[in-house]
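Engineer: I have a structure I would like to understand better, so I am pasting it below and will then ask my questions one at a time.
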Amino acid sequence: MAEMKESSVLFSLNQLMTLEQQRLQEEETKARRRAEAEASARADAERRAKEAELARMHAEEERRRLEEQRAREETARLEALRQAEIERARVEVEQRVRMEALIKQQEHERSLAHLAQDQHKKRLQRMVAVISVGGVLVLGSTLGIYFGKIKPEAERERAAQAAVLAAQEEEQRKLQDEIAQRDKKMALLQEQYQNAKNEKERLELQRQMDAIRPKPTPGGAVGSRPGAAKPDAPKVKCNKGDPMCVDF
């Protein structure tokens, strides 16, 4: 009986020791899992914090990039407006210069026409004076010279001067039409340039504006047409030995 009791006590002690070891192992396992979970949570928190910081940095970089792009676009837009205003002022100055030059040229042609008429009147007055002194024979000769040569030449001069003035007036009308059409097209291109969505469109519109701008011509008014200046009408030369003709 004593041996059975002793064996029973030993068995109970072994069971208790086994249970204690199991409890200790379970607690150790729980502690290890808890530590692993805490470490994993810390790692996740650190990872999320890093990702959030990277996202914030990327967002800040994108914001700065967009602000710089908007600033560049605004600068380009203001520069385009400034250049358009400068171009408009330059075109206006060129147009005024061309119109003033054309008006002065027409005034010069009119002055020449009036001068030719005055010369013709003076010739006629001198011929009348000579006729009154020279008699009927001289009168016939003078009238023959006048109606046969001087008057036709004077009429040809007036016709040539009238043709020159008419050509200049037509040139002025065409010039005004061209200026109006060019200004209208330039205004449309400038409006399209200001509303352009990208640099490619702006470059193409700038090329079109450069193409229609008047180019300076050497040796003359800016933007003037070749051949706009007309030579003075030739003076009538007296025949050698003609006593009724006087050069002026």
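Note on naming: chains are A, B, ... as they come in the structure tokens, residues start from 1 per chain, ligands start from 1 in the order shown.
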Tell me, as a list of chain:residue names, which residues lie within 10 Å of Gln106 of chain A, counting only C-alpha atoms; anything in the same chain fewer than 6 positions away does not count.
Structural biologist: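 Final neighbour list, sorted by chain and number: A:Glu100, A:Leu112, A:Val164, A:Leu165, A:Ala166, A:Gln168, A:Glu169, A:Gln172, A:Ala229, A:Lys230.
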Engineer: How about saving the chosen residues, C-alpha atoms kept, as a PDB file, in the first residue's frame?
Structural biologist:
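Writing done, so here's again02.pdb:
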```pdb
ATOM      1  CA  GLU A 100       2.537 110.300 -95.198  1.00  0.00           C
ATOM      2  CA  LEU A 112       4.498 119.711-110.673  1.00  0.00           C
ATOM      3  CA  VAL A 164       0.437 109.284-112.737  1.00  0.00           C
ATOM      4  CA  LEU A 165      -1.942 110.785-110.168  1.00  0.00           C
ATOM      5  CA  ALA A 166      -4.630 108.225-111.002  1.00  0.00           C
ATOM      6  CA  GLN A 168      -0.941 106.752-107.327  1.00  0.00           C
ATOM      7  CA  GLU A 169      -4.508 107.088-106.060  1.00  0.00           C
ATOM      8  CA  GLN A 172      -3.047 104.244-102.250  1.00  0.00           C
ATOM      9  CA  ALA A 229       8.139 106.679-106.295  1.00  0.00           C
ATOM     10  CA  LYS A 230       7.428 108.117-109.736  1.00  0.00           C
TER      11      LYS A 230
END
```
Engineer: Mind checking which residues fall within 12 Å of Ala80 of chain A, counting only C-alpha atoms, ignoring those fewer than 5 positions away in the same chain, and posting them as a list of chain:residue names?
Structural biologist: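 Selected residues are A:Glu73, A:Glu74, A:Thr75, A:Glu85, A:Ile86, A:Glu87, A:Arg88, A:Leu189, A:Gln190, A:Glu191, A:Gln192, A:Tyr193, A:Gln194, A:Asn195, A:Ala196, A:Glu199, A:Arg202, A:Leu203, A:Leu205, A:Gln206, A:Met209.
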Engineer: For a quick check of understanding, using only C-alpha atoms, which of A:Asp183, A:Glu53, A:Glu67, A:Glu38 has the smallest distance to Glu92 of chain A?
Structural biologist: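 Checking each candidate against Glu92 of chain A, we get A:Asp183 as the closest.
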